[in-house]
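Engineer: Could you have a look at this structure, given as structure tokens, before my questions?
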Amino acid sequence: MTELNEEILKIENLNHYFQVNGEEFQVLKDINLTVNKGEFITIVGHSGCGKSTLLRIIAGLQKNSEGTVIRNGKPLTEPDSDCGMVFQEHRLLPWLKIKDNVGFGLEGKSRAEKDKLVKDYIKLVHLDGFENAYPKQLSGGMAQRAAIARGLVTNPDILLLDEPFGALDALTRIQMQKEVLNLWNQKKITMILVTHDIDEAIFLGQRVIVMSSRPGEIKEIIKIESNMAKKRGSLDASYYKRKIYKYFFEDSEEEIDYVI
């Protein structure tokens, strides 16, 4: 098991721009962030603030305009198997069975090794018995479990989760949050999750990165120091919610009281 406080990701002076109809728009502004191995980081902000773009840059799927991204002590130049990603839509291949979807990214392993890994991770996400099912035969929550198993099966150093529960109903979403937290407690893999749900950010994150609207910049990094904050409805959870909401409802206590 990797020790905490060992740096796995360092982002320095990151800026990113998009070209739209010949005009340049800044999406991310002056992002500086260090993540240690084994941490669970959540990033919260309005839709369109650049959260998903930041994840794609960390994954190597998007080249940043300015600044540096260092993973495992090396500048990031391209995607690699050290970083897995789970999207809001499960993106399972509909013509493949669940076991084949989960094992899709495994290369260079013997059939026996591959079969064992797939079986272990399907069991880890509680999909035993559904190995031979097709994605269309699963519920939304089950399909996302399969997507998480696919993200974990290659044993990445970092797992990025881009609003993975956004399309789920409220009850399934809460259950999936608990399951992801259990997986993190078991594997202690570094996880970075993007969400616009503040309850979710507090429940899952050890640190919550609060981002402003476009251009997205880090307004504050809030360390969740109280275990009671993980209990929904507790005074500690309300304290952190109020602290985060103030960035989105500038000094309007009446508005904050309404949403809390």
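Naming scheme: A, B, ... for chains in displayed order of the structure tokens; residues 1 onward per chain; ligands 1 onward as shown.
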Give me, as JSON, numbers by chain, the residues of segment 104-181 of chain A that a backbone DSSP run labels alpha helix (DSSP H).

Structural biologist: {"A": [111, 112, 113, 114, 115, 116, 117, 118, 119, 120, 121, 122, 123, 124, 140, 141, 142, 143, 144, 145, 146, 147, 148, 149, 150, 151, 152, 170, 171, 172, 173, 174, 175, 176, 177, 178, 179, 180, 181]}

Engineer: Write out the residues from the selection above, keeping C-alpha atoms, as a tab-separated table (two decimals), in the first residue's frame.

Structural biologist:
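Output contents, as saved in again28.tsv:
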```tsv
chain	number	residue	atom	x	y	z
A	111	ARG	CA	-5.96	-15.43	-20.54
A	112	ALA	CA	-5.85	-16.83	-16.99
A	113	GLU	CA	-4.55	-13.54	-15.52
A	114	LYS	CA	-7.13	-11.52	-17.42
A	115	ASP	CA	-10.01	-13.79	-16.40
A	116	LYS	CA	-8.99	-13.62	-12.74
A	117	LEU	CA	-8.71	-9.83	-12.74
A	118	VAL	CA	-12.06	-9.40	-14.45
A	119	LYS	CA	-13.72	-11.82	-12.03
A	120	ASP	CA	-12.16	-10.08	-9.01
A	121	TYR	CA	-13.24	-6.60	-10.05
A	122	ILE	CA	-16.73	-7.67	-11.07
A	123	LYS	CA	-17.05	-9.13	-7.58
A	124	LEU	CA	-15.60	-5.95	-6.05
A	140	GLY	CA	-28.09	2.65	-14.75
A	141	GLY	CA	-26.44	2.05	-11.39
A	142	MET	CA	-25.25	-1.42	-12.37
A	143	ALA	CA	-23.83	-0.11	-15.64
A	144	GLN	CA	-21.88	2.55	-13.72
A	145	ARG	CA	-20.51	-0.15	-11.40
A	146	ALA	CA	-19.26	-1.99	-14.48
A	147	ALA	CA	-17.67	1.24	-15.74
A	148	ILE	CA	-15.94	1.72	-12.38
A	149	ALA	CA	-14.68	-1.88	-12.48
A	150	ARG	CA	-13.29	-1.20	-15.98
A	151	GLY	CA	-11.57	1.90	-14.63
A	152	LEU	CA	-10.00	0.01	-11.73
A	170	ALA	CA	-31.45	10.18	-6.10
A	171	LEU	CA	-31.60	6.88	-4.18
A	172	THR	CA	-29.29	5.03	-6.57
A	173	ARG	CA	-26.91	7.99	-6.48
A	174	ILE	CA	-26.60	7.83	-2.69
A	175	GLN	CA	-26.01	4.08	-2.84
A	176	MET	CA	-23.31	4.51	-5.49
A	177	GLN	CA	-21.60	7.20	-3.42
A	178	LYS	CA	-21.38	4.75	-0.52
A	179	GLU	CA	-20.05	2.01	-2.78
A	180	VAL	CA	-17.34	4.25	-4.28
A	181	LEU	CA	-16.30	5.33	-0.78
```

Engineer: Would you mind listing, for every residue of segment 24-112 of chain A within 7 Å of segment 183-191 of chain A, the two atoms forming the shortest contact and the distance between them in Å to one decimal, using only C-alpha atoms, sorted by chain and ascending residue number, as CSV?

Structural biologist:
```
residue,atom,partner,partner_atom,distance
A:Lys37,CA,A:Thr190,CA,5.5
A:Gly38,CA,A:Thr190,CA,4.3
A:Glu39,CA,A:Thr190,CA,5.0
A:Phe40,CA,A:Met191,CA,4.8
A:Ile41,CA,A:Met191,CA,6.2
```

Engineer: Could you tell me which of A:His46, A:Lys74, A:Lys99, A:Lys29 comes closest to His196 of chain A if we count only C-alpha atoms?

Structural biologist: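 Looking only at the distances to His196 of chain A, the closest residue turns out to be A:His46.
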
Engineer: Would you mind listing what lies within 6 Å of Asn13 of chain A as number ranges by chain, with only C-alpha atoms counted and same-chain residues fewer than 4 positions away left out?

Structural biologist: A: 30-32, 67

Engineer: Would you list the contacts of Lys97 of chain A as a ChimeraX atom specification, taking every protein, DNA or RNA residue within 7 Å and counting only C-alpha atoms, but skipping same-chain residues closer than 6 positions in sequence?

Structural biologist: /A:131-134
